[in-house]
Amino acid sequence: MTYCVAMRLSSGLVFASDSRTNAGVDHISTFRKLHVFQQDGERTLVLQSAGNLATTQSIISLLLRRSKDADRPNLLNVPNLYEAATLVGETVREVILRDSEAQQSGSTTDFSCSLLLGGQIDGEEMRLFHIYPQGNFIEATRDTPYFQIGESKYGKPIIDRVLNYDTPLEQAMQCALISLDSTLRSNLSVGLPLDVMIYPRDSFSSQQQYRITEDHPHFSAIRKGWGEGLVSIFKQLPPLQL
């Protein structure tokens with residue numbers, strides 16, 4: 001399993017993903033789930049994935065390979081992010097259909113996956129999409145400025161209490177990291193290292209990418225401060241009166 005969160009805010013975009021993939025307690029691996037398609041000064045697209053690992057790797061591989069073919073629509077030449085989301089959705093359907101048709105009779109393998117696609121192409125505003133296994137998608141709005149995929153339930157309450165469309169990027173990233181930490185503590189199928197990225201509006205840059213490991217000083221400080229703060233506030237609650 002995995003957990004990814006992406007936020008579209010007034011001043012930019014925030015992305016955060018874990019990197020754990022497991023097929024049982026004795027088979028745990030690390031795979032990057034945050035991928036960047038970049039044309040300096042013209043576009044920055046970020047794709048996050050959750051679900052069947054073979055499916056998501058095939059989708060990413062196809063998108064990367066096809067992005068080198070200038071004669072066909074690809075993530076590096078489509079004119080807007082809506083068409084980019086449509087292209088990703090078509091690739092999702094293509095891979096799932098191919099693999100499910102090749103599935104042996106009686107097999108119950110789940111080939112489904114979900115993806116988050118966000119970024120900016122020159123000439124339009126930043127956009128963020130949640131793409132479903134069927135290939136259709138929805139778009140983030142001012143009222144709903146973030147999406148989650150994977151093991152989302154543990155980290156959702158924190159984001160809902162803190163985040164709004166005008167939250168500064170640095171605070172939004174803090175919120176995403178706390179959300180991920182809460183998920184890490186509650187679900188063994190989500191694990192370090194984390195891959196995160198901050199995209200300032202109109203920057204067309206992917207420079208603010210970071211990998212966060214167990215000994216990352218800022219992440220360690222956030223985990224410690226959040227945990228101690230929760231305990232402190234809990235102790236200050238009024239006495240129970242039923």
# chains A, B, ... in the order shown; residues from 1 in each chain; ligands from 1
>>> select_by_dssp(residues="region 98-222 of chain A", states="helix (DSSP H, G or I)", output="PyMOL selection string")
chain A and resi 98-101+156-162+169-186+217-222
>>> select_by_dssp(residues="region 23-92 of chain A", states="strand (DSSP E)", output="list in words")
Ile28, Ser29, Thr30, Leu34, His35, Val36, Phe37, Gln38, Gln39, Arg43, Thr44, Leu45, Val46, Leu47, Gln48, Ser49, Ala50 and Gly51 of chain A
>>> residues_around(residues="Lys156 (chain A)", least_positions_apart="5", cutoff="10 Å", atoms="only C-alpha atoms", output="list in words")
Val5, Phe147, Gln148, Glu151, Arg161, Ala176, Ser179, Leu180, Ser182 and Thr183 of chain A
>>> closest_residue(among="A:Ala84, A:Thr141, A:Ala102, A:Arg201", to="Asn164 (chain A)", atoms="only C-alpha atoms")
A:Thr141
>>> closest_residue(among="A:Leu81, A:Leu240, A:Ala50, A:Val88", to="Arg66 (chain A)", atoms="only C-alpha atoms")
A:Val88
>>> residues_around(residues="Asp40 (chain A)", least_positions_apart="4", cutoff="8 Å", atoms="only C-alpha atoms", output="list of chain:residue names")
A:Thr44, A:Phe204, A:Ser205
>>> closest_atom_pairs(of="region 135-208 of chain A", to="region 213-227 of chain A", cutoff="8 Å", atoms="only C-alpha atoms", output="tab-separated table")
residue	atom	partner	partner_atom	distance
A:Gln174	CA	A:Ile222	CA	7.7
A:Leu177	CA	A:Phe219	CA	7.5
A:Ile178	CA	A:Arg223	CA	7.0
A:Asp181	CA	A:Arg223	CA	6.9
A:Leu192	CA	A:Thr213	CA	6.1
A:Pro193	CA	A:Thr213	CA	4.6
A:Leu194	CA	A:Thr213	CA	6.6
>>> write_last_selection(atoms="N, CA, C and O atoms", output="mmCIF file, in the first residue's frame")
data_model
loop_
_atom_site.group_PDB
_atom_site.id
_atom_site.type_symbol
_atom_site.label_atom_id
_atom_site.label_comp_id
_atom_site.auth_asym_id
_atom_site.auth_seq_id
_atom_site.Cartn_x
_atom_site.Cartn_y
_atom_site.Cartn_z
ATOM 1 N N GLN A 174 4.393 21.331 5.977
ATOM 2 C CA GLN A 174 4.404 20.853 7.364
ATOM 3 C C GLN A 174 3.178 19.986 7.614
ATOM 4 O O GLN A 174 3.262 18.913 8.224
ATOM 5 N N LEU A 177 3.534 16.597 5.961
ATOM 6 C CA LEU A 177 4.464 15.730 6.676
ATOM 7 C C LEU A 177 3.845 15.168 7.950
ATOM 8 O O LEU A 177 4.047 13.999 8.287
ATOM 9 N N ILE A 178 3.087 15.991 8.673
ATOM 10 C CA ILE A 178 2.404 15.498 9.870
ATOM 11 C C ILE A 178 1.359 14.458 9.484
ATOM 12 O O ILE A 178 1.187 13.441 10.165
ATOM 13 N N ASP A 181 3.234 11.352 8.820
ATOM 14 C CA ASP A 181 3.743 10.767 10.058
ATOM 15 C C ASP A 181 2.632 10.034 10.811
ATOM 16 O O ASP A 181 2.842 8.937 11.340
ATOM 17 N N LEU A 192 8.858 4.998 5.298
ATOM 18 C CA LEU A 192 9.933 5.860 4.822
ATOM 19 C C LEU A 192 10.797 5.103 3.809
ATOM 20 O O LEU A 192 10.800 3.869 3.788
ATOM 21 N N PRO A 193 11.566 5.872 2.996
ATOM 22 C CA PRO A 193 11.664 7.340 2.940
ATOM 23 C C PRO A 193 10.476 7.980 2.246
ATOM 24 O O PRO A 193 9.707 7.313 1.561
ATOM 25 N N LEU A 194 10.360 9.303 2.447
ATOM 26 C CA LEU A 194 9.324 10.092 1.804
ATOM 27 C C LEU A 194 9.920 10.891 0.658
ATOM 28 O O LEU A 194 11.065 11.353 0.757
#
>>> residues_around(residues="Asp18 (chain A)", least_positions_apart="6", cutoff="9 Å", atoms="only C-alpha atoms", output="ChimeraX atom specification")
/A:2-4,30-34,180,184,190-196
>>> write_last_selection(atoms="all heavy atoms", output="CSV table (one decimal), in the first residue's frame")
chain,number,residue,atom,x,y,z
A,2,THR,N,0.3,2.4,0.0
A,2,THR,CA,1.0,3.6,0.0
A,2,THR,C,0.1,4.7,0.5
A,2,THR,O,-1.0,4.6,0.7
A,2,THR,CB,1.5,3.9,-1.4
A,2,THR,OG1,2.5,5.0,-1.4
A,2,THR,CG2,0.4,4.3,-2.4
A,3,TYR,N,0.7,5.9,0.6
A,3,TYR,CA,-0.1,7.1,0.9
A,3,TYR,C,0.6,8.3,0.2
A,3,TYR,O,1.8,8.6,0.3
A,3,TYR,CB,-0.1,7.4,2.4
A,3,TYR,CG,-0.8,8.7,2.8
A,3,TYR,CD1,-1.9,9.1,2.1
A,3,TYR,CD2,-0.3,9.5,3.8
A,3,TYR,CE1,-2.6,10.3,2.5
A,3,TYR,CE2,-0.9,10.7,4.1
A,3,TYR,CZ,-2.0,11.1,3.5
A,3,TYR,OH,-2.7,12.3,3.8
A,4,CYS,N,-0.2,9.0,-0.7
A,4,CYS,CA,0.2,10.2,-1.4
A,4,CYS,C,-0.8,11.3,-1.1
A,4,CYS,O,-2.0,11.0,-1.1
A,4,CYS,CB,0.3,9.9,-2.9
A,4,CYS,SG,1.5,8.6,-3.4
A,30,THR,N,11.0,-0.8,-1.5
A,30,THR,CA,11.0,0.7,-1.6
A,30,THR,C,11.0,1.0,-3.1
A,30,THR,O,11.9,0.6,-3.8
A,30,THR,CB,12.2,1.3,-0.9
A,30,THR,OG1,12.1,1.1,0.5
A,30,THR,CG2,12.1,2.8,-1.1
A,31,PHE,N,10.0,1.8,-3.5
A,31,PHE,CA,9.9,2.3,-4.9
A,31,PHE,C,9.4,3.7,-4.9
A,31,PHE,O,8.5,4.1,-4.1
A,31,PHE,CB,8.9,1.4,-5.7
A,31,PHE,CG,9.3,0.0,-6.0
A,31,PHE,CD1,9.0,-1.0,-5.1
A,31,PHE,CD2,10.1,-0.2,-7.1
A,31,PHE,CE1,9.4,-2.3,-5.4
A,31,PHE,CE2,10.5,-1.5,-7.4
A,31,PHE,CZ,10.2,-2.6,-6.5
A,32,ARG,N,10.0,4.5,-5.7
A,32,ARG,CA,9.6,5.9,-5.8
A,32,ARG,C,8.2,6.0,-6.4
A,32,ARG,O,7.9,5.4,-7.4
A,32,ARG,CB,10.6,6.7,-6.6
A,32,ARG,CG,10.4,8.2,-6.7
A,32,ARG,CD,11.5,8.9,-7.5
A,32,ARG,NE,11.2,10.3,-7.6
A,32,ARG,CZ,11.6,11.2,-6.7
A,32,ARG,NH1,12.3,10.8,-5.6
A,32,ARG,NH2,11.4,12.5,-6.8
A,33,LYS,N,7.3,6.9,-5.8
A,33,LYS,CA,6.0,7.0,-6.3
A,33,LYS,C,5.7,8.4,-6.7
A,33,LYS,O,4.5,8.8,-7.0
A,33,LYS,CB,5.0,6.6,-5.2
A,33,LYS,CG,5.2,5.1,-4.8
A,33,LYS,CD,4.5,4.8,-3.5
A,33,LYS,CE,4.9,3.4,-3.0
A,33,LYS,NZ,4.4,3.1,-1.7
A,34,LEU,N,6.7,9.3,-6.8
A,34,LEU,CA,6.5,10.7,-7.2
A,34,LEU,C,7.4,10.9,-8.4
A,34,LEU,O,8.7,10.7,-8.3
A,34,LEU,CB,6.9,11.6,-6.1
A,34,LEU,CG,6.6,13.1,-6.3
A,34,LEU,CD1,6.4,13.8,-4.9
A,34,LEU,CD2,7.7,13.8,-7.0
A,180,LEU,N,1.5,12.5,6.9
A,180,LEU,CA,2.2,11.3,6.6
A,180,LEU,C,2.7,10.6,7.9
A,180,LEU,O,2.7,9.4,8.0
A,180,LEU,CB,3.4,11.6,5.7
A,180,LEU,CG,3.0,11.6,4.2
A,180,LEU,CD1,4.0,12.4,3.4
A,180,LEU,CD2,3.0,10.1,3.7
A,184,LEU,N,2.2,6.8,9.1
A,184,LEU,CA,3.3,5.9,9.3
A,184,LEU,C,3.1,5.2,10.7
A,184,LEU,O,3.4,4.0,10.8
A,184,LEU,CB,4.6,6.7,9.3
A,184,LEU,CG,5.1,7.3,8.0
A,184,LEU,CD1,6.3,8.2,8.3
A,184,LEU,CD2,5.5,6.1,7.1
A,190,VAL,N,2.7,1.7,5.0
A,190,VAL,CA,3.2,3.0,4.6
A,190,VAL,C,4.5,3.2,5.3
A,190,VAL,O,4.6,3.0,6.5
A,190,VAL,CB,2.2,4.1,4.9
A,190,VAL,CG1,2.8,5.5,4.5
A,190,VAL,CG2,0.9,3.9,4.2
A,191,GLY,N,5.6,3.6,4.6
A,191,GLY,CA,6.9,3.7,5.2
A,191,GLY,C,7.8,4.7,4.5
A,191,GLY,O,7.6,5.1,3.4
A,192,LEU,N,8.9,5.0,5.3
A,192,LEU,CA,9.9,5.9,4.8
A,192,LEU,C,10.8,5.1,3.8
A,192,LEU,O,10.8,3.9,3.8
A,192,LEU,CB,10.8,6.3,6.0
A,192,LEU,CG,10.1,7.2,7.0
A,192,LEU,CD1,10.9,7.3,8.3
A,192,LEU,CD2,9.9,8.6,6.5
A,193,PRO,N,11.6,5.9,3.0
A,193,PRO,CA,11.7,7.3,2.9
A,193,PRO,C,10.5,8.0,2.2
A,193,PRO,O,9.7,7.3,1.6
A,193,PRO,CB,13.0,7.6,2.2
A,193,PRO,CG,13.1,6.4,1.3
A,193,PRO,CD,12.5,5.2,2.1
A,194,LEU,N,10.4,9.3,2.4
A,194,LEU,CA,9.3,10.1,1.8
A,194,LEU,C,9.9,10.9,0.7
A,194,LEU,O,11.1,11.4,0.8
A,194,LEU,CB,8.7,11.1,2.8
A,194,LEU,CG,8.2,10.5,4.1
A,194,LEU,CD1,7.6,11.6,5.0
A,194,LEU,CD2,7.2,9.4,3.9
A,195,ASP,N,9.2,11.1,-0.4
A,195,ASP,CA,9.5,11.9,-1.5
A,195,ASP,C,8.6,13.1,-1.5
A,195,ASP,O,7.3,12.9,-1.6
A,195,ASP,CB,9.5,11.2,-2.8
A,195,ASP,CG,10.6,10.1,-2.9
A,195,ASP,OD1,11.8,10.5,-2.8
A,195,ASP,OD2,10.2,9.0,-3.1
A,196,VAL,N,9.1,14.3,-1.4
A,196,VAL,CA,8.3,15.5,-1.3
A,196,VAL,C,8.8,16.6,-2.3
A,196,VAL,O,9.9,16.6,-2.8
A,196,VAL,CB,8.3,16.1,0.1
A,196,VAL,CG1,7.8,15.1,1.1
A,196,VAL,CG2,9.6,16.7,0.5
